[in-house]
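Peer 1: My questions will all concern the structure given below.
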Amino acid sequence: MSRLDNRSYYDDFAGWYERERHLPYHRMLDDLEVELVERYGAGKDVFEVGCGTGLILERTAEFARTARGIDLSGGMLALAAARGLSVAQASATALPIADASVDVAYSFKVLAHIPDITTCMREMARIVRPGGWVLAEFYNQRSIRRLVKALKPASAVSETTNDEHVYTRYDSAEAIRSYLPPELEWVTSRGIRVITPVAKVLEVPFLGSAIRWAEHRLADLPVARDVGGFLVAVCRRR
């Protein structure tokens, strides 16, 4: 299957992007990610790499001192700007921000789609002040989510495009370590979607609530790094 470049793919996706973000599965993922950003970024200067339509950035702005973001897609950014957020169009491999100018740089569901991941990680490290944090989410090579993705049909992201039209990489913890520049120390991690087999299960009464409860309590345990569908490397800038 031929792939689109990332900008074209996400411009095409922009019109449908928020159609399912209100559903329990996506709300759970967002909550687990925002909770982590707040842990490190409350009252701090925070920057999102790949902010999309601004759903995470908007929530981050409620507790951060400053919250800014970039995205490659103009279609996505139009929705983020409509939310009144401080955003700009730029590539994750060339961030338009000065060295050591924020306390936290984070990226969710973006890094797996960036071929030049080592440059991106150097850029995220560059903009963070010494002692600050990089929260970098990858797609876990060893996870239920990857197995489900391999078995199920492609998911449509527009009338003409599906999620197999974009470059996607699944990484092991060892591979992630190899992407980190020397100035970043991987201190801990958070695993997201540890036991959820399919998204629809979270819509089942009682069972969905129990799974959400478990996901929040498992996220910071060592096992979550091994099997979480999304693996967030929590790295300190030396």
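If you're wondering about the labels, chains in the structure tokens are A, B, ... by order shown, residues count from 1 in each chain, ligands from 1 in order shown.
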So that I can check the surroundings of segment 86-103 of chain A, please list as number ranges by chain every protein, DNA and RNA residue that reaches within 6 Å of it, counting only C-alpha atoms and ignoring chain neighbours fewer than 5 positions away.
Peer 2: A: 45-46, 68-72, 119-120, 126-129, 132
Peer 1: Apply DSSP to the structure's backbone, then extract all residues of segment 19-176 of chain A labelled alpha helix (DSSP H) and return them as number ranges by chain.
Peer 2: A: 24-41, 55-60, 74-82, 117-127, 144-151, 173-176
Peer 1: Would you please work out which residue, of A:Asp220, A:Glu123, A:Asp171, A:Asp30, is nearest to Ala105 of chain A when using only C-alpha atoms?
Peer 2: A:Glu123
Peer 1: Can you list, as a list in words, every protein, DNA or RNA residue that comes within 8 Å of Phe138 of chain A when you count only C-alpha atoms, leaving out same-chain residues fewer than 2 positions away?
Peer 2: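 Skipping anything fewer than 2 positions along the chain leaves Phe108, Lys109, Val110, Leu111, Ala112, Ala136, Asn140, Tyr170, Asp171, Ile176, Phe230, Leu231, Val232 and Ala233 of chain A.
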Peer 1: Would you put the residues from that selection into a file with C-alpha atoms, as an mmCIF file, in the first residue's frame?
Peer 2:
```cif
data_model
loop_
_atom_site.group_PDB
_atom_site.id
_atom_site.type_symbol
_atom_site.label_atom_id
_atom_site.label_comp_id
_atom_site.auth_asym_id
_atom_site.auth_seq_id
_atom_site.Cartn_x
_atom_site.Cartn_y
_atom_site.Cartn_z
ATOM 1 C CA PHE A 108 2.049 11.561 22.404
ATOM 2 C CA LYS A 109 1.095 9.326 19.450
ATOM 3 C CA VAL A 110 3.458 11.203 17.152
ATOM 4 C CA LEU A 111 6.963 9.790 17.491
ATOM 5 C CA ALA A 112 6.007 6.421 15.992
ATOM 6 C CA ALA A 136 8.305 10.639 24.818
ATOM 7 C CA ASN A 140 5.352 -0.708 22.044
ATOM 8 C CA TYR A 170 6.766 -0.166 16.711
ATOM 9 C CA ASP A 171 9.727 -0.064 19.092
ATOM 10 C CA ILE A 176 14.028 3.531 22.285
ATOM 11 C CA PHE A 230 1.940 2.974 24.385
ATOM 12 C CA LEU A 231 5.272 3.272 26.195
ATOM 13 C CA VAL A 232 6.208 6.700 27.573
ATOM 14 C CA ALA A 233 9.906 7.155 28.305
#
```
Peer 1: Using only C-alpha atoms for the distances, tell me which of A:Arg146, A:Glu137, A:Val194, A:Glu58 is nearest to Ala82 of chain A.
Peer 2: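 When distances to Ala82 of chain A are compared using only C-alpha atoms, the smallest one comes from A:Glu58.
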Peer 1: Can you tell me which residues surround Val187 of chain A at a distance of at most 10 Å, considering only C-alpha atoms, apart from same-chain residues fewer than 6 positions away, and format the answer as a list of chain:residue names?
Peer 2: A:Trp133, A:Ala233, A:Val234, A:Cys235, A:Arg236
